[in-house]
$ cat work.cif   # mmCIF, C-alpha atoms
data_query
loop_
_atom_site.label_atom_id
_atom_site.label_comp_id
_atom_site.auth_asym_id
_atom_site.auth_seq_id
_atom_site.Cartn_x
_atom_site.Cartn_y
_atom_site.Cartn_z
CA THR A 289 24.29 2.98 -2.28
CA VAL A 290 24.85 -0.61 -1.10
CA PHE A 291 24.51 -1.11 2.64
CA ASN A 292 27.74 -2.26 4.30
CA PRO A 293 27.30 -3.37 7.93
CA GLU A 294 31.00 -2.70 8.57
CA THR A 295 30.42 1.01 8.01
CA ALA A 296 26.86 1.26 9.33
CA ALA A 297 25.73 4.61 10.70
CA SER A 298 24.86 3.05 14.06
CA THR A 299 25.26 -0.23 15.93
CA VAL A 300 23.42 -1.86 18.80
CA THR A 301 24.93 -4.38 21.22
CA VAL A 302 22.62 -6.99 22.80
CA ASN A 303 24.48 -8.46 25.73
CA SER A 304 22.29 -11.45 26.58
CA ALA A 305 19.29 -13.44 25.42
CA SER A 306 17.30 -11.95 28.28
CA GLU A 307 17.18 -8.66 26.34
CA LEU A 308 15.34 -10.31 23.44
CA PRO A 309 13.20 -9.33 21.70
CA TYR A 310 15.16 -6.08 21.47
CA GLU A 311 13.27 -2.91 20.52
CA ILE A 312 15.04 -0.21 18.53
CA THR A 313 13.46 3.17 19.21
CA GLY A 314 13.79 6.63 17.71
CA LEU A 315 13.29 5.57 14.09
CA ASN A 316 11.71 8.02 11.65
CA PRO A 317 8.24 7.29 10.23
CA ASN A 318 7.88 6.10 6.64
CA ALA A 319 11.62 5.46 6.31
CA THR A 320 13.60 2.41 5.19
CA TYR A 321 16.33 0.99 7.41
CA TYR A 322 18.83 -1.78 6.69
CA PHE A 323 20.01 -4.30 9.29
CA ALA A 324 22.53 -7.10 9.65
CA ILE A 325 23.49 -9.17 12.70
CA GLN A 326 26.88 -10.44 13.82
CA GLN A 327 27.98 -12.39 16.88
CA ASN A 328 29.63 -10.13 19.44
CA CYS A 329 32.82 -12.17 19.16
CA GLY A 330 33.00 -11.53 15.42
CA GLY A 331 32.39 -13.78 12.46
CA ALA A 332 30.29 -13.40 9.35
CA TRP A 333 27.38 -10.98 9.11
CA SER A 334 23.87 -12.27 8.56
CA ASP A 335 21.97 -11.56 5.37
CA ILE A 336 20.95 -7.91 5.12
CA VAL A 337 17.27 -7.19 5.68
CA ASN A 338 15.42 -3.93 5.16
CA VAL A 339 12.43 -2.62 7.10
CA THR A 340 10.18 0.31 6.23
CA THR A 341 8.57 1.97 9.23
CA MET A 342 4.90 2.87 9.32
CA PRO A 343 3.84 6.42 8.41
CA ILE A 344 2.37 8.85 10.93
CA SER A 345 -1.37 8.19 11.20
CA VAL A 346 -3.65 10.68 9.49
CA THR A 347 -6.72 11.99 11.32
CA LEU A 348 -10.29 12.58 10.18
CA PRO A 349 -11.71 14.11 8.13
CA TYR A 350 -9.10 13.04 5.61
CA SER A 351 -8.94 13.81 1.89
CA GLN A 352 -6.21 13.16 -0.65
CA ASP A 353 -6.23 14.28 -4.29
CA PHE A 354 -2.47 13.76 -4.87
CA GLU A 355 -2.03 17.27 -6.26
CA ALA A 356 0.57 18.10 -3.58
CA THR A 357 3.51 16.07 -2.31
CA THR A 358 2.42 13.58 0.34
CA THR A 359 4.23 11.20 2.69
CA ASP A 360 1.00 9.61 3.95
CA PHE A 361 1.48 6.38 2.00
CA VAL A 362 3.88 3.44 2.16
CA PHE A 363 4.35 1.33 -0.97
CA ALA A 364 5.47 -2.28 -1.32
CA SER A 365 5.52 -4.69 -4.27
CA ASN A 366 7.03 -8.02 -5.27
CA SER A 367 7.47 -7.15 -8.96
CA VAL A 368 8.19 -4.39 -11.46
CA ASN A 369 4.51 -3.38 -11.18
CA LYS A 370 4.46 -0.80 -8.38
CA TRP A 371 2.39 2.07 -7.03
CA TYR A 372 3.37 5.61 -8.02
CA ILE A 373 1.94 9.10 -7.64
CA GLY A 374 2.14 11.07 -10.87
CA THR A 375 0.42 12.39 -13.96
CA ALA A 376 0.57 9.39 -16.29
CA THR A 377 -3.17 8.80 -16.49
CA ASP A 378 -6.02 11.12 -17.47
CA THR A 379 -7.55 12.76 -14.40
CA THR A 380 -8.55 16.05 -16.02
CA ASN A 381 -12.30 15.41 -16.17
CA GLY A 382 -14.75 16.66 -13.56
CA SER A 383 -13.32 17.21 -10.08
CA LEU A 384 -10.16 15.15 -10.70
CA GLY A 385 -6.93 17.08 -11.01
CA GLY A 386 -3.81 16.16 -12.93
CA SER A 387 -2.26 13.67 -10.50
CA SER A 388 -3.36 10.31 -9.15
CA LEU A 389 -2.12 7.10 -7.54
CA TYR A 390 -1.58 4.29 -10.04
CA ILE A 391 0.23 1.11 -10.95
CA SER A 392 3.19 1.42 -13.31
CA ASP A 393 5.96 -0.81 -14.64
CA SER A 394 8.00 2.18 -15.85
CA ASN A 395 8.81 4.03 -12.61
CA GLY A 396 5.60 6.04 -12.86
CA ILE A 397 6.11 7.27 -16.43
CA THR A 398 3.11 5.28 -17.71
CA ASN A 399 -0.02 3.73 -16.21
CA HIS A 400 0.96 0.38 -17.72
CA TYR A 401 1.71 -3.03 -16.20
CA ASN A 402 3.75 -6.08 -17.09
CA THR A 403 1.14 -8.79 -17.52
CA ASP A 404 3.72 -11.58 -17.51
CA VAL A 405 4.73 -11.31 -13.83
CA SER A 406 2.48 -12.14 -10.89
CA THR A 407 2.14 -9.10 -8.63
CA TYR A 408 0.91 -8.15 -5.19
CA ALA A 409 1.44 -4.39 -4.81
CA TYR A 410 0.34 -2.53 -1.68
CA SER A 411 -0.35 1.14 -1.03
CA LEU A 412 -0.90 1.63 2.69
CA ILE A 413 -2.08 4.55 4.80
CA SER A 414 -2.41 4.54 8.60
CA VAL A 415 -5.64 6.14 9.86
CA ASP A 416 -6.60 7.27 13.36
CA PHE A 417 -10.37 6.88 13.16
CA GLY A 418 -11.26 8.79 16.32
CA ASN A 419 -14.67 8.49 17.91
CA TYR A 420 -17.59 8.37 15.47
CA PRO A 421 -20.59 6.03 15.17
CA GLU A 422 -19.91 5.36 11.48
CA TYR A 423 -17.43 6.13 8.71
CA GLN A 424 -17.35 6.50 4.93
CA LEU A 425 -14.34 5.60 2.80
CA SER A 426 -14.73 6.87 -0.76
CA PHE A 427 -12.47 7.16 -3.80
CA ALA A 428 -12.48 7.31 -7.59
CA TYR A 429 -10.89 4.49 -9.56
CA LYS A 430 -10.48 3.13 -13.07
CA LEU A 431 -8.84 0.11 -14.67
CA ASN A 432 -9.12 -2.57 -17.31
CA GLY A 433 -7.15 -5.51 -15.93
CA GLU A 434 -8.58 -8.96 -16.49
CA VAL A 435 -11.83 -10.80 -15.74
CA ASN A 436 -13.32 -13.88 -17.36
CA SER A 437 -15.80 -13.55 -20.21
CA ALA A 438 -18.77 -13.95 -17.86
CA GLY A 439 -17.40 -11.31 -15.49
CA THR A 440 -17.60 -13.73 -12.58
CA SER A 441 -13.89 -14.28 -11.91
CA MET A 442 -11.23 -11.60 -11.44
CA TYR A 443 -7.56 -12.12 -12.32
CA ASP A 444 -6.05 -8.61 -12.52
CA TYR A 445 -7.88 -6.29 -10.12
CA LEU A 446 -7.94 -4.15 -6.97
CA ARG A 447 -8.77 -5.13 -3.41
CA VAL A 448 -9.10 -2.79 -0.41
CA TYR A 449 -8.40 -3.96 3.15
CA ALA A 450 -8.44 -2.61 6.68
CA LEU A 451 -5.63 -4.10 8.78
CA PRO A 452 -4.50 -3.71 12.39
CA THR A 453 -1.39 -1.52 12.49
CA SER A 454 0.32 -4.34 14.39
CA VAL A 455 0.48 -6.21 11.07
CA GLY A 456 2.81 -3.52 9.74
CA ILE A 457 3.45 -3.55 6.02
CA PRO A 458 2.12 -6.85 4.61
CA VAL A 459 4.53 -9.26 2.96
CA THR A 460 3.93 -9.02 -0.78
CA THR A 461 3.51 -12.73 -1.46
CA GLY A 462 -0.27 -12.81 -1.34
CA PHE A 463 -3.32 -10.96 -0.14
CA PRO A 464 -3.35 -9.85 3.52
CA THR A 465 -4.76 -12.46 5.88
CA ASN A 466 -5.08 -10.49 9.14
CA GLY A 467 -7.79 -7.92 8.56
CA THR A 468 -11.06 -7.07 6.85
CA LEU A 469 -11.65 -7.16 3.10
CA LEU A 470 -13.58 -3.96 2.31
CA GLY A 471 -14.13 -4.55 -1.38
CA SER A 472 -12.90 -5.98 -4.70
CA PHE A 473 -12.91 -3.86 -7.86
CA ALA A 474 -12.59 -5.15 -11.42
CA THR A 475 -12.63 -3.53 -14.84
CA THR A 476 -14.42 -0.20 -15.39
CA ASN A 477 -13.47 -0.21 -19.09
CA ASN A 478 -10.91 2.44 -18.13
CA THR A 479 -13.63 4.90 -17.09
CA TRP A 480 -13.46 6.73 -13.77
CA GLN A 481 -16.02 5.53 -11.25
CA ASP A 482 -16.77 6.67 -7.72
CA THR A 483 -17.29 4.22 -4.89
CA SER A 484 -18.15 4.58 -1.19
CA ILE A 485 -17.69 1.98 1.55
CA THR A 486 -19.42 2.19 4.93
CA LEU A 487 -17.20 1.32 7.90
CA THR A 488 -18.99 0.40 11.12
CA GLY A 489 -18.30 2.04 14.42
CA ALA A 490 -18.19 -1.36 16.09
CA GLU A 491 -14.98 -2.18 14.19
CA PHE A 492 -13.38 1.23 13.66
CA THR A 493 -14.34 3.57 16.54
CA ASP A 494 -11.32 4.63 18.65
CA SER A 495 -8.96 2.52 16.55
CA ILE A 496 -5.91 3.07 14.38
CA LYS A 497 -5.93 0.88 11.29
CA SER A 498 -4.14 0.64 7.98
CA ILE A 499 -6.22 1.10 4.84
CA VAL A 500 -4.49 -0.92 2.13
CA PHE A 501 -5.08 -0.68 -1.61
CA CYS A 502 -3.84 -3.96 -3.08
CA TRP A 503 -3.31 -4.47 -6.81
CA HIS A 504 -2.99 -8.08 -7.96
CA ASN A 505 -2.33 -9.47 -11.42
CA ASP A 506 -1.90 -13.18 -11.98
CA GLY A 507 0.99 -13.06 -14.47
CA SER A 508 -1.02 -14.31 -17.43
CA ASP A 509 -2.63 -12.00 -19.99
CA GLY A 510 -4.46 -8.81 -19.05
CA GLU A 511 -5.65 -5.60 -20.69
CA GLN A 512 -4.05 -2.19 -20.20
CA PRO A 513 -4.20 -0.09 -18.18
CA PRO A 514 -3.99 -1.31 -14.57
CA VAL A 515 -5.69 0.51 -11.71
CA ALA A 516 -5.54 4.23 -10.94
CA ILE A 517 -7.04 5.86 -7.83
CA ASP A 518 -7.87 9.46 -6.96
CA ASN A 519 -9.85 11.64 -4.54
CA ILE A 520 -9.61 9.43 -1.46
CA SER A 521 -11.85 10.58 1.38
CA ILE A 522 -12.42 9.17 4.88
CA ILE A 523 -14.95 10.87 7.14
CA GLY A 524 -16.73 10.06 10.36
CA SER A 525 -20.38 10.80 10.96
#

$ encode --input "work.cif" --output "structure tokens"
Amino acid sequence: TVFNPETAASTVTVNSASELPYEITGLNPNATYYFAIQQNCGGAWSDIVNVTTMPISVTLPYSQDFEATTTDFVFASNSVNKWYIGTATDTTNGSLGGSSLYISDSNGITNHYNTDVSTYAYSLISVDFGNYPEYQLSFAYKLNGEVNSAGTSMYDYLRVYALPTSVGIPVTTGFPTNGTLLGSFATTNNTWQDTSITLTGAEFTDSIKSIVFCWHNDGSDGEQPPVAIDNISIIGS
């Protein structure tokens, strides 16, 4: 359905500049809303913009194996390569179930990416870290992607960030700039690997932050498949 501001479900009138910036309240979490602006005396509508609200923050201990429906994550991408939850990649070995979080260029049908388009794709979860001296973020992942022959430069790979929730959902034109890079992950030769990242209490205690899984491919070459992630765990200790 194409959004038509003339028949919008609700309207807001801002009577003077003194009311700006104007805050719209009562929006649902993890939902997409469409907006357009028009002068009160009429005239043309502005370009339509869409905004996706942040999800409700999860609390610790947190675990996610993607075997049940979840609304914990918000997804954003600037290309056909996007995050999906599904069963397109093999997760049947060991403790991994049938579903995972992965990049796909076929609406989740395959764990395959278009190597010809540059991509920044984000999967974001909001976390209320509570009060602990230290934290562990762990997950399983696999990918091929692209690195140079020496393995010293990454071109198609995964990064993980912690961002202030005030940043919202990052604009998908590059890597996030307001936050902490927690790690970069390149090819595993398409073999599942486990990783664990220590998060310090000095940065995370009594905070709410977004943990962002960011897939990037540079739009030139690359080896299938792109990244898949499973068994995410965040605990305080």

$ residues_near_point --input "work.cif" --point "(-0.6, 19.3, -3.1)" --cutoff "12 Å" --atoms "only C-alpha atoms" --output "ChimeraX atom specification"
/A:351-359,373-374,385-388

$ closest_residue --input "work.cif" --among "A:Phe323, A:Phe363, A:Tyr372, A:Tyr350" --to "Phe417 in chain A" --atoms "all atoms listed in the file"
A:Tyr350

$ resolve_selection --input "work.cif" --expression "the PyMOL selection byres ((chain A and resi 454) around 12)" --output "number ranges by chain"
A: 341-342, 414, 450-453, 455-458, 466-467, 495-498

$ residues_near_point --input "work.cif" --point "(-6.1, -5.6, -16.8)" --cutoff "8 Å" --atoms "all atoms listed in the file" --output "list in words"
Thr403, Leu431, Asn432, Gly433, Glu434, Val435, Asp444, Tyr445, Thr475, Asn505, Asp509, Gly510, Glu511, Gln512, Pro513, Pro514 and Val515 of chain A

$ atom_distance --input "work.cif" --atom1 "CA of Phe427 in chain A" --atom2 "CA of Ala516 in chain A"
10.4 Å

$ closest_residue --input "work.cif" --among "A:Phe473, A:Tyr322, A:Gly489, A:Thr461" --to "Ser367 in chain A" --atoms "only C-alpha atoms"
A:Thr461

$ atom_distance --input "work.cif" --atom1 "CA of Asn419 in chain A" --atom2 "CA of Ser345 in chain A"
14.9 Å

$ residues_around --input "work.cif" --residues "Leu469 in chain A" --least-positions-apart "6" --cutoff "8 Å" --atoms "all atoms listed in the file" --output "list in words"
Arg447, Val448, Tyr449 and Ala450 of chain A

$ write_last_selection --input "work.cif" --atoms "C-alpha atoms" --output "mmCIF file, in the coordinates of the input"
data_model
loop_
_atom_site.group_PDB
_atom_site.id
_atom_site.type_symbol
_atom_site.label_atom_id
_atom_site.label_comp_id
_atom_site.auth_asym_id
_atom_site.auth_seq_id
_atom_site.Cartn_x
_atom_site.Cartn_y
_atom_site.Cartn_z
ATOM 1 C CA ARG A 447 -8.770 -5.130 -3.410
ATOM 2 C CA VAL A 448 -9.100 -2.790 -0.410
ATOM 3 C CA TYR A 449 -8.400 -3.960 3.150
ATOM 4 C CA ALA A 450 -8.440 -2.610 6.680
#

$ resolve_selection --input "work.cif" --expression "the PyMOL selection byres ((chain A and resi 503) around 6)" --output "PyMOL selection string"
chain A and resi 408-409+445-446+502+504

$ axis_aligned_box --input "work.cif" --around "range 502-506 of chain A" --padding-each-side "6 Å" --output "AutoDock Vina command-line options"
--center_x -2.9 --center_y -8.6 --center_z -7.5 --size_x 13.9 --size_y 21.2 --size_z 20.9
